[in-house]
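Printed here is protein_22.cif (mmCIF, C-alpha atoms and all ligand atoms):
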```
data_start
#
loop_
_atom_site.label_atom_id
_atom_site.label_comp_id
_atom_site.auth_asym_id
_atom_site.auth_seq_id
_atom_site.Cartn_x
_atom_site.Cartn_y
_atom_site.Cartn_z
CA MET B 2 2.31 -20.98 14.74
CA SER B 3 -0.45 -18.90 16.23
CA GLN B 4 -3.44 -17.26 14.65
CA ALA B 5 -1.51 -14.04 14.10
CA ASP B 6 0.95 -15.63 11.73
CA SER B 7 -1.03 -18.28 9.90
CA GLU B 8 -1.50 -18.08 6.16
CA PHE B 9 -3.82 -15.64 4.45
CA LEU B 10 -7.11 -16.55 2.88
CA GLN B 11 -6.90 -16.28 -0.88
CA ARG B 12 -7.77 -12.73 -1.93
CA ASP B 13 -11.24 -12.58 -3.52
CA ARG B 14 -10.37 -10.58 -6.62
CA SER B 15 -14.01 -10.37 -7.76
CA ILE B 16 -14.62 -7.60 -5.24
CA HIS B 17 -11.67 -5.51 -6.44
CA PRO B 18 -11.45 -3.52 -9.64
CA PRO B 19 -9.58 -5.58 -12.23
CA ALA B 20 -6.31 -4.12 -13.51
CA PHE B 21 -7.85 -3.17 -16.86
CA THR B 22 -10.81 -0.77 -16.52
CA PRO B 23 -10.90 1.14 -19.82
CA ASP B 24 -13.29 3.85 -18.61
CA TYR B 25 -10.47 4.81 -16.25
CA LYS B 26 -8.18 5.57 -19.14
CA THR B 27 -4.84 5.56 -17.34
CA SER B 28 -5.39 1.90 -16.47
CA VAL B 29 -5.24 0.90 -20.14
CA LEU B 30 -1.43 1.05 -20.41
CA ARG B 31 -0.72 0.39 -16.75
CA SER B 32 -2.58 -2.89 -16.37
CA PRO B 33 -0.66 -6.16 -16.42
CA ARG B 34 -2.18 -8.57 -18.93
CA ARG B 35 -0.60 -11.85 -17.91
CA ALA B 36 -2.21 -14.00 -15.29
CA MET B 37 -0.69 -13.37 -11.88
CA LEU B 38 1.14 -16.25 -10.28
CA SER B 39 -0.69 -17.48 -7.18
CA LEU B 40 1.60 -18.04 -4.20
CA GLN B 41 0.96 -19.76 -0.92
CA SER B 42 1.95 -17.62 2.04
CA SER B 43 5.55 -17.85 3.14
CA LEU B 44 7.32 -15.82 5.81
CA SER B 45 7.69 -13.08 3.20
CA GLU B 46 3.91 -12.62 3.07
CA VAL B 47 2.78 -13.29 6.66
CA THR B 48 5.26 -10.78 8.08
CA GLY B 49 5.20 -7.04 7.52
CA PRO B 50 6.47 -3.77 8.95
CA THR B 51 5.39 -2.56 12.37
CA PHE B 52 5.20 1.05 13.49
CA GLY B 53 5.38 2.69 16.89
CA HIS B 54 3.59 5.68 18.38
CA SER B 55 6.95 7.38 18.86
CA GLU B 56 7.21 7.72 15.08
CA LEU B 57 4.12 9.93 14.91
CA GLY B 58 3.65 13.50 16.07
CA PRO B 59 0.77 14.58 18.34
CA LEU B 60 -1.03 16.42 15.50
CA ASP B 61 -0.51 13.81 12.81
CA ASN B 62 -4.17 12.75 13.05
CA ASP B 63 -5.51 16.30 13.08
CA LEU B 64 -5.65 17.76 9.58
CA ILE B 65 -7.42 20.84 10.94
CA LEU B 66 -4.32 21.80 12.90
CA ASN B 67 -1.35 19.91 11.45
CA TYR B 68 -0.61 22.53 8.79
CA ALA B 69 -2.41 25.54 10.30
CA ARG B 70 -0.22 28.63 9.86
CA GLU B 71 -2.05 31.88 10.45
CA GLY B 72 -5.47 30.35 11.10
CA GLU B 73 -7.51 27.21 10.55
CA PRO B 74 -8.37 25.80 7.12
CA ILE B 75 -11.58 26.77 5.31
CA GLY B 76 -14.36 24.22 4.96
CA GLU B 77 -16.66 21.80 6.76
CA ARG B 78 -15.04 20.44 9.87
CA ILE B 79 -15.52 16.68 10.12
CA PHE B 80 -14.53 13.77 12.31
CA VAL B 81 -13.75 10.48 10.55
CA HIS B 82 -13.54 7.27 12.52
CA GLY B 83 -13.83 3.56 12.00
CA HIS B 84 -12.79 0.04 12.83
CA VAL B 85 -10.01 -1.83 11.04
CA ARG B 86 -10.78 -5.55 11.12
CA ASP B 87 -9.80 -8.63 9.17
CA GLU B 88 -12.20 -10.88 7.29
CA ASN B 89 -12.54 -13.03 10.38
CA GLY B 90 -14.00 -9.98 12.14
CA ARG B 91 -11.08 -9.42 14.49
CA GLY B 92 -9.93 -5.87 15.14
CA ILE B 93 -6.40 -5.19 13.93
CA PRO B 94 -4.56 -3.36 16.71
CA HIS B 95 -1.56 -1.05 16.38
CA THR B 96 -1.55 -0.82 12.60
CA LEU B 97 -0.62 2.29 10.64
CA VAL B 98 -3.46 4.09 8.82
CA GLU B 99 -2.55 7.01 6.54
CA PHE B 100 -4.89 9.37 4.70
CA TRP B 101 -4.63 12.17 2.17
CA GLN B 102 -7.10 14.40 0.41
CA ALA B 103 -7.86 17.61 -1.48
CA ASN B 104 -8.89 20.76 0.40
CA ALA B 105 -12.46 22.08 0.60
CA GLY B 106 -12.13 23.53 -2.90
CA GLY B 107 -10.94 20.25 -4.42
CA ARG B 108 -7.28 21.24 -4.74
CA TYR B 109 -4.32 19.15 -3.58
CA ARG B 110 -1.17 20.60 -2.07
CA HIS B 111 0.90 18.80 -4.67
CA ARG B 112 3.33 20.20 -7.20
CA ASN B 113 1.55 18.38 -10.02
CA ASP B 114 -1.98 19.60 -9.22
CA ARG B 115 -2.79 22.58 -11.47
CA TYR B 116 -6.53 22.86 -10.80
CA LEU B 117 -7.62 26.51 -10.64
CA ALA B 118 -9.16 26.22 -7.15
CA PRO B 119 -6.82 27.83 -4.60
CA ILE B 120 -4.42 26.14 -2.23
CA ASP B 121 -5.54 26.67 1.36
CA PRO B 122 -2.55 28.17 3.18
CA ASN B 123 -3.60 26.41 6.38
CA PHE B 124 -4.27 22.94 5.02
CA GLY B 125 -1.70 20.25 4.21
CA GLY B 126 -4.11 17.47 3.36
CA CYS B 127 -2.45 14.46 4.90
CA GLY B 128 -2.30 12.68 8.20
CA ARG B 129 -1.77 9.33 9.87
CA THR B 130 -2.58 7.40 12.98
CA ILE B 131 -2.13 3.99 14.57
CA THR B 132 -5.18 1.91 15.49
CA ASP B 133 -5.79 1.36 19.19
CA GLU B 134 -5.63 -2.02 20.91
CA ASN B 135 -9.01 -2.98 19.45
CA GLY B 136 -8.41 -1.72 15.92
CA PHE B 137 -10.22 1.62 16.10
CA TYR B 138 -8.92 4.84 14.56
CA TYR B 139 -10.09 8.45 14.20
CA PHE B 140 -8.94 11.78 12.85
CA ARG B 141 -10.22 15.32 12.33
CA THR B 142 -10.20 17.03 8.96
CA ILE B 143 -11.99 19.31 6.53
CA LYS B 144 -14.43 17.73 4.11
CA PRO B 145 -12.68 17.57 0.72
CA GLY B 146 -14.32 19.06 -2.35
CA PRO B 147 -14.95 17.22 -5.63
CA TYR B 148 -12.51 18.02 -8.41
CA PRO B 149 -12.28 17.72 -12.20
CA TRP B 150 -9.76 15.38 -13.75
CA ARG B 151 -8.59 14.58 -17.24
CA ASN B 152 -10.33 11.38 -18.18
CA PHE B 153 -13.42 12.24 -20.16
CA LEU B 154 -13.73 15.99 -20.77
CA ASN B 155 -16.30 16.46 -18.03
CA SER B 156 -15.02 13.97 -15.46
CA TRP B 157 -15.36 14.90 -11.79
CA ARG B 158 -14.15 12.89 -8.84
CA PRO B 159 -16.66 12.54 -6.02
CA ALA B 160 -15.39 13.97 -2.73
CA HIS B 161 -13.04 11.35 -1.29
CA ILE B 162 -10.27 10.64 1.17
CA HIS B 163 -7.46 8.27 0.16
CA PHE B 164 -6.51 5.62 2.73
CA SER B 165 -3.43 3.42 3.08
CA VAL B 166 -3.46 0.53 5.56
CA PHE B 167 -0.90 -2.12 6.51
CA GLY B 168 -2.31 -4.91 8.68
CA THR B 169 0.04 -7.47 10.18
CA GLY B 170 1.43 -9.09 7.02
CA PHE B 171 2.71 -7.44 3.86
CA ALA B 172 0.14 -9.37 1.80
CA GLN B 173 -2.60 -7.35 3.55
CA ARG B 174 -1.29 -4.06 2.18
CA LEU B 175 -4.17 -1.98 0.84
CA ILE B 176 -4.78 1.46 -0.62
CA THR B 177 -8.35 2.58 -1.13
CA GLN B 178 -10.64 5.61 -1.10
CA MET B 179 -13.49 6.62 1.15
CA TYR B 180 -16.53 8.38 -0.32
CA PHE B 181 -19.27 10.35 1.42
CA GLU B 182 -22.88 9.25 1.75
CA GLY B 183 -25.22 11.11 -0.56
CA ASP B 184 -22.65 12.36 -3.08
CA PRO B 185 -24.32 12.30 -6.55
CA LEU B 186 -20.93 11.92 -8.25
CA ILE B 187 -20.18 8.50 -6.72
CA TRP B 188 -22.07 6.36 -9.24
CA ARG B 189 -20.66 8.36 -12.16
CA ASP B 190 -17.06 7.73 -11.16
CA PRO B 191 -15.06 5.28 -13.28
CA MET B 192 -12.92 4.28 -10.29
CA VAL B 193 -15.98 3.35 -8.24
CA LEU B 194 -17.66 1.74 -11.25
CA GLY B 195 -14.51 -0.28 -11.88
CA ILE B 196 -15.48 -2.43 -8.90
CA PRO B 197 -17.47 -5.28 -10.44
CA ASP B 198 -19.65 -5.91 -7.39
CA ARG B 199 -21.94 -3.02 -6.46
CA SER B 200 -22.30 -4.09 -2.85
CA ALA B 201 -18.50 -4.12 -2.54
CA ALA B 202 -18.35 -0.59 -3.95
CA GLU B 203 -21.00 0.50 -1.45
CA ARG B 204 -18.63 -0.49 1.34
CA LEU B 205 -16.43 2.45 0.31
CA ILE B 206 -19.20 4.93 1.12
CA ALA B 207 -18.98 6.27 4.65
CA PRO B 208 -22.34 7.03 6.25
CA LEU B 209 -22.97 10.24 8.10
CA ASP B 210 -22.66 9.31 11.79
CA LEU B 211 -24.63 11.90 13.72
CA GLY B 212 -24.07 9.94 16.91
CA ALA B 213 -20.35 10.67 16.70
CA ALA B 214 -20.77 14.29 15.62
CA VAL B 215 -19.58 16.93 18.06
CA PRO B 216 -22.53 19.29 18.60
CA LEU B 217 -21.85 22.89 17.53
CA ASP B 218 -18.44 21.80 16.20
CA MET B 219 -18.29 19.09 13.54
CA LEU B 220 -20.15 16.34 11.73
CA ALA B 221 -18.84 12.77 11.68
CA TYR B 222 -18.51 9.99 9.11
CA LYS B 223 -17.77 6.34 9.88
CA PHE B 224 -15.48 4.37 7.60
CA ASP B 225 -14.75 0.77 8.54
CA ILE B 226 -11.96 -1.07 6.76
CA VAL B 227 -11.62 -4.82 6.31
CA LEU B 228 -8.27 -6.39 5.50
CA ARG B 229 -7.67 -9.97 4.45
CA GLY B 230 -8.19 -12.69 7.03
CA ARG B 231 -6.06 -15.63 8.07
CA GLN B 232 -6.82 -19.24 7.40
CA GLN B 233 -7.73 -21.67 10.08
CA THR B 234 -4.88 -24.11 10.01
CA LEU B 235 -4.47 -27.57 11.38
CA PHE B 236 -1.26 -27.46 13.31
CA GLU B 237 -0.13 -30.26 15.58
CA ASN B 238 -3.70 -31.55 15.49
CA LYS B 239 -5.17 -28.36 16.87
CA LEU B 240 -7.33 -26.08 14.77
CA GLN B 241 -5.68 -22.66 14.82
CA GLY B 242 -7.14 -19.40 13.67
CA ASN B 243 -10.49 -19.48 15.44
CA MET N 17 -31.13 -26.88 3.72
CA VAL N 18 -27.83 -27.21 5.48
CA GLN N 19 -26.53 -25.50 8.56
CA PRO N 20 -25.51 -21.90 7.84
CA LEU N 21 -21.81 -21.14 7.96
CA PRO N 22 -20.73 -18.17 10.02
CA THR N 23 -20.47 -15.16 7.75
CA ARG N 24 -17.07 -13.78 6.98
CA LEU N 25 -16.51 -10.13 6.31
CA GLN N 26 -15.33 -9.17 2.85
CA GLU N 27 -12.16 -7.28 2.23
CA THR N 28 -12.50 -3.56 1.51
CA PRO N 29 -12.13 -3.05 -2.25
CA SER N 30 -8.94 -1.46 -3.50
CA GLN N 31 -8.90 1.87 -5.31
CA THR N 32 -6.05 3.45 -7.19
CA ALA N 33 -3.55 5.50 -5.19
CA GLY N 34 -4.01 8.23 -7.80
CA PRO N 35 -1.60 10.89 -9.04
CA TYR N 36 -1.25 12.56 -5.63
CA VAL N 37 -0.22 9.52 -3.60
CA HIS N 38 2.95 11.42 -2.68
CA ILE N 39 0.98 13.85 -0.48
CA GLY N 40 -0.11 11.15 1.86
CA LEU N 41 2.82 8.80 1.90
CA ILE N 42 5.93 10.78 0.89
CA PRO N 43 4.91 14.45 1.31
CA HIS N 44 8.39 15.83 0.58
CA GLN N 45 8.03 14.62 -2.97
CA ALA N 46 4.67 16.40 -3.25
CA GLY N 47 6.59 19.55 -2.37
CA PHE N 48 6.03 20.27 1.32
CA ASP N 49 7.13 19.41 4.81
CA ILE N 50 4.53 18.48 7.41
CA PHE N 51 5.61 15.58 9.64
CA GLU N 52 8.46 15.49 12.13
CA THR N 53 9.31 11.91 11.20
CA ASN N 54 9.24 10.86 7.59
CA PHE N 55 9.40 7.34 6.23
CA SER N 56 12.03 6.99 3.57
CA ASN N 57 13.95 4.92 1.08
CA VAL N 58 16.98 4.54 3.35
CA LEU N 59 16.53 1.35 5.37
CA THR N 60 19.96 1.28 6.99
CA GLY N 61 21.48 3.07 9.95
CA PRO N 62 25.18 3.34 10.75
CA GLU N 63 24.99 0.20 12.93
CA THR N 64 23.04 -1.99 10.53
CA LYS N 65 24.76 -5.28 9.78
CA GLY N 66 25.28 -6.53 6.27
CA GLU N 67 26.48 -5.63 2.83
CA ARG N 68 25.27 -2.14 1.85
CA ILE N 69 23.51 -2.17 -1.49
CA ARG N 70 21.48 0.25 -3.54
CA ILE N 71 18.58 -1.13 -5.50
CA GLU N 72 17.20 1.03 -8.24
CA GLY N 73 15.04 0.84 -11.28
CA ARG N 74 12.38 2.41 -13.40
CA VAL N 75 8.77 1.51 -14.12
CA PHE N 76 7.50 1.29 -17.71
CA ASP N 77 3.96 1.17 -19.07
CA GLY N 78 2.60 -0.89 -21.96
CA ALA N 79 3.76 1.69 -24.52
CA GLY N 80 7.29 1.55 -23.13
CA SER N 81 6.94 5.01 -21.59
CA LEU N 82 8.43 5.80 -18.21
CA VAL N 83 5.99 5.85 -15.31
CA ARG N 84 7.18 8.91 -13.40
CA ASP N 85 4.57 8.85 -10.67
CA ALA N 86 4.88 5.31 -9.34
CA PHE N 87 4.97 4.61 -5.61
CA ILE N 88 7.05 1.68 -4.39
CA GLU N 89 7.48 -0.03 -1.05
CA ILE N 90 9.89 -2.81 -0.16
CA TRP N 91 9.83 -5.36 2.65
CA GLN N 92 12.78 -7.62 3.30
CA ALA N 93 14.66 -9.78 5.76
CA ASN N 94 17.88 -8.57 7.35
CA ALA N 95 21.36 -9.70 6.37
CA ALA N 96 20.89 -12.89 8.41
CA GLY N 97 17.66 -13.74 6.63
CA ARG N 98 15.32 -12.79 9.48
CA TYR N 99 12.23 -10.60 9.20
CA ASN N 100 11.75 -7.98 11.91
CA HIS N 101 8.31 -9.32 12.82
CA PRO N 102 7.03 -11.54 15.65
CA ALA N 103 5.83 -14.24 13.23
CA ASP N 104 9.42 -14.91 12.15
CA ARG N 105 10.77 -17.43 14.65
CA GLN N 106 13.54 -18.91 12.53
CA GLU N 107 16.27 -20.28 14.73
CA GLY N 108 19.87 -19.14 14.60
CA LYS N 109 19.10 -15.95 12.71
CA PRO N 110 19.50 -12.87 14.91
CA LEU N 111 17.26 -9.85 14.74
CA ASP N 112 18.97 -6.57 13.90
CA ALA N 113 17.33 -3.88 16.03
CA THR N 114 18.58 -1.17 13.67
CA PHE N 115 16.82 -2.66 10.67
CA ARG N 116 13.04 -2.62 10.18
CA GLY N 117 13.33 -3.96 6.66
CA TRP N 118 10.75 -1.66 5.15
CA GLY N 119 10.99 1.49 3.05
CA ARG N 120 9.05 3.50 0.53
CA THR N 121 9.76 5.92 -2.27
CA GLY N 122 8.44 7.34 -5.52
CA SER N 123 9.78 7.38 -9.05
CA ASP N 124 11.55 10.66 -9.75
CA PHE N 125 9.16 13.02 -11.57
CA GLU N 126 11.87 13.79 -14.18
CA THR N 127 14.03 10.70 -14.60
CA GLY N 128 11.55 8.06 -13.49
CA VAL N 129 14.27 6.41 -11.37
CA TRP N 130 13.45 5.07 -7.90
CA PHE N 131 15.99 3.67 -5.46
CA PHE N 132 16.52 2.29 -1.97
CA GLU N 133 19.60 2.16 0.23
CA THR N 134 19.52 -1.11 2.10
CA VAL N 135 21.45 -4.29 2.90
CA LYS N 136 21.43 -7.51 0.97
CA PRO N 137 18.99 -9.86 2.70
CA GLY N 138 19.97 -13.37 3.73
CA PRO N 139 18.07 -16.49 2.67
CA VAL N 140 14.76 -17.14 4.46
CA ASP N 141 13.24 -20.51 5.33
CA GLY N 142 10.63 -21.65 2.85
CA ARG N 143 7.23 -23.02 3.73
CA LYS N 144 7.29 -26.12 5.85
CA GLY N 145 8.75 -28.97 3.83
CA HIS N 146 10.12 -26.65 1.15
CA ARG N 147 13.62 -25.49 0.40
CA PRO N 148 14.88 -22.17 1.70
CA MET N 149 14.04 -19.11 -0.32
CA ALA N 150 16.92 -17.39 -2.07
CA PRO N 151 17.66 -13.84 -0.91
CA HIS N 152 14.90 -11.60 -2.20
CA ILE N 153 13.13 -8.32 -1.58
CA ASN N 154 9.33 -8.02 -1.73
CA LEU N 155 8.05 -5.07 -3.74
CA TRP N 156 4.63 -3.45 -3.74
CA ILE N 157 3.79 -0.97 -6.49
CA ALA N 158 0.93 1.51 -6.54
CA ALA N 159 0.27 4.43 -8.90
CA ARG N 160 -2.29 6.35 -10.86
CA GLY N 161 -3.79 3.84 -13.28
CA ILE N 162 -3.02 0.85 -11.03
CA ASN N 163 -6.30 -0.30 -9.51
CA ILE N 164 -4.85 -2.69 -6.97
CA GLY N 165 -1.28 -2.72 -5.66
CA LEU N 166 1.05 -5.05 -7.53
CA GLN N 167 3.25 -7.52 -5.67
CA THR N 168 6.49 -8.86 -7.04
CA ARG N 169 9.87 -10.03 -5.80
CA LEU N 170 13.37 -8.86 -6.60
CA TYR N 171 15.92 -11.69 -6.70
CA PHE N 172 19.66 -11.21 -7.16
CA ALA N 173 21.08 -12.40 -10.49
CA ASP N 174 24.44 -13.15 -8.86
CA GLU N 175 22.83 -15.73 -6.51
CA ALA N 176 22.53 -18.32 -9.27
CA ALA N 177 22.85 -21.38 -7.02
CA ALA N 178 20.32 -20.19 -4.43
CA ASN N 179 17.98 -18.99 -7.16
CA ALA N 180 18.08 -22.38 -8.87
CA ASP N 181 16.64 -23.93 -5.69
CA ASP N 182 14.17 -21.20 -4.83
CA PRO N 183 10.64 -22.59 -4.44
CA VAL N 184 8.99 -19.46 -5.87
CA LEU N 185 11.33 -18.84 -8.80
CA ASN N 186 10.84 -22.47 -9.75
CA LEU N 187 7.14 -21.80 -10.30
CA VAL N 188 8.07 -19.33 -13.04
CA GLU N 189 8.91 -20.51 -16.54
CA ARG N 190 12.63 -20.32 -17.20
CA GLY N 191 13.52 -17.60 -19.71
CA PRO N 192 12.29 -14.03 -19.95
CA LEU N 193 9.55 -14.51 -17.34
CA ARG N 194 11.93 -15.70 -14.66
CA ASP N 195 14.52 -13.14 -15.75
CA SER N 196 11.99 -10.37 -15.07
CA LEU N 197 12.48 -11.12 -11.36
CA LEU N 198 16.29 -10.86 -11.41
CA ALA N 199 18.17 -7.67 -10.53
CA THR N 200 21.57 -7.31 -12.14
CA ARG N 201 24.58 -6.15 -10.18
CA GLU N 202 26.77 -3.18 -11.10
CA GLU N 203 29.56 -1.46 -9.23
CA ARG N 204 29.23 2.32 -9.21
CA ASP N 205 31.78 4.47 -7.32
CA GLY N 206 32.61 1.48 -5.19
CA GLN N 207 28.98 0.79 -4.29
CA ALA N 208 27.00 -2.29 -5.25
CA VAL N 209 23.93 -1.32 -7.25
CA TYR N 210 21.27 -3.81 -8.26
CA VAL N 211 19.12 -2.65 -11.18
CA PHE N 212 15.53 -3.85 -11.36
CA ASP N 213 13.21 -2.38 -13.99
CA ILE N 214 9.50 -3.10 -13.74
CA HIS N 215 7.32 -3.47 -16.83
CA LEU N 216 3.64 -3.12 -16.06
CA GLN N 217 2.53 -4.49 -19.42
CA GLY N 218 3.85 -5.65 -22.77
CA PRO N 219 6.30 -8.25 -24.04
CA ASN N 220 8.66 -7.72 -21.08
CA GLU N 221 5.88 -7.66 -18.51
CA THR N 222 7.16 -8.36 -15.00
CA VAL N 223 5.81 -11.42 -13.23
CA PHE N 224 3.37 -10.27 -10.52
CA PHE N 225 2.16 -12.46 -7.70
CA ASP N 226 -1.27 -13.07 -6.25
CA VAL N 227 -0.01 -13.61 -2.73
FE FE B 301 -7.85 12.03 -5.10
#
```

Is it possible to give me this structure as structure tokens?
Amino acid sequence: MSQADSEFLQRDRSIHPPAFTPDYKTSVLRSPRRAMLSLQSSLSEVTGPTFGHSELGPLDNDLILNYAREGEPIGERIFVHGHVRDENGRGIPHTLVEFWQANAGGRYRHRNDRYLAPIDPNFGGCGRTITDENGFYYFRTIKPGPYPWRNFLNSWRPAHIHFSVFGTGFAQRLITQMYFEGDPLIWRDPMVLGIPDRSAAERLIAPLDLGAAVPLDMLAYKFDIVLRGRQQTLFENKLQGN
Amino acid sequence: MVQPLPTRLQETPSQTAGPYVHIGLIPHQAGFDIFETNFSNVLTGPETKGERIRIEGRVFDGAGSLVRDAFIEIWQANAAGRYNHPADRQEGKPLDATFRGWGRTGSDFETGVWFFETVKPGPVDGRKGHRPMAPHINLWIAARGINIGLQTRLYFADEAAANADDPVLNLVERGPLRDSLLATREERDGQAVYVFDIHLQGPNETVFFDV
């Protein structure tokens, strides 16, 4: 056993939204009510799928160009970047990061989205990348707009980008959302407010990162992601996992 | 005072995948084509070793209604019981280069049915000092209304002997709870189909794991 395949630290569920968050109404009937069964990590949890660069296209991390047809999409051009680490602070190299979002008007290119804002003919709204050898990722996109949704009558989602991340073991699988610094809708959002710990929710808010902006071209936001860490394990009398 | 411990980072909180999860992870189902390579629900290639099976099911909510916008991923060992991952160093179980062991799909927007084309996994070693794990497939379910992805395992009802010794199944009370983890086998046009319905809530609620 080496550090990379030792067991996972127990997930701290107090920093995640519980299954049942009644102000997010859809959760009411979709939340399990029985206690989950806690499992120690076996091979089924410490292993997980791996992905290669050959599976991705050269524009997969460029939402400005990856669906451009007769021009570029409308909206604020932005650069999003960050570091994917585990709870032990180690960068997670070569892991798949996927992202999807509404266009600048708050409309998704999705057959079930009927919002009256128009589809942007040049914007798909999804992309993906693989972290580099130190766990860093980046992509270009258009800043998504807020959009109304059927929860309360006047419910509006703050502008957000959905993220999906793998890590090295299937038990690290995570889907989350990134919000934008300064958005007044964030602290009115039942999904954000479903997180019991305010400081945990704040970690979903990406700060404006002027230092990474491209002058005369685009602003930047920095969104770091932390996946579960591995335990230090005593193995053959040596402490692993440092 | 005591010496301070080094600070650990905290995991990024989960948020629901939402109703438009298909855009990001299975764009064809959202209704458009963008990537050259798409991840899919077919795990096998022509050279993959093992018994071809289809696993399929539906997801139900606490009112018994079909969840038609669920997103499901599976992760499994190959027919020899070996995971395609460097941490799996079981001896005597060959890797199958044609089999990653991972796939993803969504419930059909009309019928609510999801399915995967795969091979039946072999048994996998249990934790040190434990018995081997019966053949099983790990499932991860995300959807609108699900705040954090749900983990469960699909076991095969026709593996009664292996299941009876499985260290995880044996943590689950015998009866309906344990049965919620068993997929039943059918033959359909000569193909083996294992049916595995998932109940998010209610009297038939599936057993979910905090892994
Ligand atoms: Fe959204």

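Nearest-residue note for ligand FE 301 (chain B): choosing from N:Leu21, N:Ala158, N:Ile39, N:Ile69, the minimum distance belongs to N:Ile39, counting all atoms listed in the file.
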
For this session: At a cut-off of 8 Å, list the chain N residues touching chain B, using only C-alpha atoms, as an MDAnalysis selection string.
Result: chainID N and resid 24:33 36:41 46:48 50:53 77:79 91:92 99:104 116:118 140:143 154 160:165 184 216:218 221 223:227

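Residue nearest ligand FE 301 (chain B), chosen from N:Ala159, N:Thr64, N:Thr127, N:Val83 and counting all atoms listed in the file: N:Ala159.
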
Show which residues sit within 9 Å of Arg189 in chain B, as a PDB file with C-alpha atoms, in the coordinates of the input. Count only C-alpha atoms, and ignore same-chain residues fewer than 2 positions away.
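part_9.pdb was written with the following content:
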```pdb
ATOM      1  CA  SER B 156     -15.020  13.970 -15.460  1.00  0.00           C
ATOM      2  CA  TRP B 157     -15.360  14.900 -11.790  1.00  0.00           C
ATOM      3  CA  ARG B 158     -14.150  12.890  -8.840  1.00  0.00           C
ATOM      4  CA  PRO B 159     -16.660  12.540  -6.020  1.00  0.00           C
ATOM      5  CA  PRO B 185     -24.320  12.300  -6.550  1.00  0.00           C
ATOM      6  CA  LEU B 186     -20.930  11.920  -8.250  1.00  0.00           C
ATOM      7  CA  ILE B 187     -20.180   8.500  -6.720  1.00  0.00           C
ATOM      8  CA  PRO B 191     -15.060   5.280 -13.280  1.00  0.00           C
ATOM      9  CA  MET B 192     -12.920   4.280 -10.290  1.00  0.00           C
ATOM     10  CA  VAL B 193     -15.980   3.350  -8.240  1.00  0.00           C
ATOM     11  CA  LEU B 194     -17.660   1.740 -11.250  1.00  0.00           C
TER      12      LEU B 194
END
```

Residue contacts of Ser123 in chain N (12 Å, all atoms listed in the file) excluding same-chain residues fewer than 6 positions away, as a compact mmCIF listing (two decimals) with C-alpha atoms, in the frame of the given file:
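Below you can see part-v2.txt, which holds the result:
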```txt
# COMPACT_ATOMS: atom_id res chain seq x y z
CA PRO N 35 -1.60 10.89 -9.04
CA VAL N 37 -0.22 9.52 -3.60
CA HIS N 38 2.95 11.42 -2.68
CA ILE N 42 5.93 10.78 0.89
CA GLN N 45 8.03 14.62 -2.97
CA ALA N 46 4.67 16.40 -3.25
CA ASN N 57 13.95 4.92 1.08
CA GLU N 72 17.20 1.03 -8.24
CA GLY N 73 15.04 0.84 -11.28
CA ARG N 74 12.38 2.41 -13.40
CA VAL N 75 8.77 1.51 -14.12
CA PHE N 76 7.50 1.29 -17.71
CA LEU N 82 8.43 5.80 -18.21
CA VAL N 83 5.99 5.85 -15.31
CA ARG N 84 7.18 8.91 -13.40
CA ASP N 85 4.57 8.85 -10.67
CA ALA N 86 4.88 5.31 -9.34
CA PHE N 87 4.97 4.61 -5.61
CA ILE N 88 7.05 1.68 -4.39
CA GLU N 89 7.48 -0.03 -1.05
CA VAL N 129 14.27 6.41 -11.37
CA TRP N 130 13.45 5.07 -7.90
CA PHE N 131 15.99 3.67 -5.46
CA PHE N 132 16.52 2.29 -1.97
CA ILE N 157 3.79 -0.97 -6.49
CA ALA N 158 0.93 1.51 -6.54
CA ALA N 159 0.27 4.43 -8.90
CA ASP N 213 13.21 -2.38 -13.99
CA ILE N 214 9.50 -3.10 -13.74
```

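One distance worth recording is that between CA of Phe181 in chain B and CA of His161 in chain B, which is 6.9 Å.
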
For this session: Within 10 Å of His146 in chain N, counting only C-alpha atoms, which residues show up once you throw out same-chain ones fewer than 6 positions away? Write them as a ChimeraX atom specification, please.
Result: /N:181-183

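Interatomic distance, CA of Lys109 in chain N against CA of Phe172 in chain N: 20.4 Å.
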
Problem set entry | From N:Pro139, N:Pro20, N:Gly34, N:Gly108, residue lying nearest ligand FE 301 (chain B) [only C-alpha atoms and all ligand atoms] | N:Gly34

Seminar exercise, completed: Expressed in Å, the length from CA of Asp218 in chain B to CA of Ile79 in chain B is 8.5 Å

For this session: Take the point (-19.8, 7.7, 14.2) as written in the file and pick out every residue within 7 Å of it, counting all atoms listed in the file; give the list as a ChimeraX atom specification.
Result: /B:82,210-214,221-223

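Counting all atoms listed in the file and comparing B:Phe80, B:Tyr148, B:Tyr116, B:Phe140, the residue that lies closest to Asp63 in chain B is B:Phe140.
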
Seminar exercise, completed: If you count all atoms listed in the file, the residue of B:Thr130, B:Asn62, B:Thr96, B:Asn104 closest to ligand FE 301 (chain B) turns out to be B:Asn104

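Minimum distance to ligand FE 301 (chain B) across B:Leu117, B:Val81, B:Ala105, B:Ile162 (counting only C-alpha atoms and all ligand atoms) occurs at B:Ile162.
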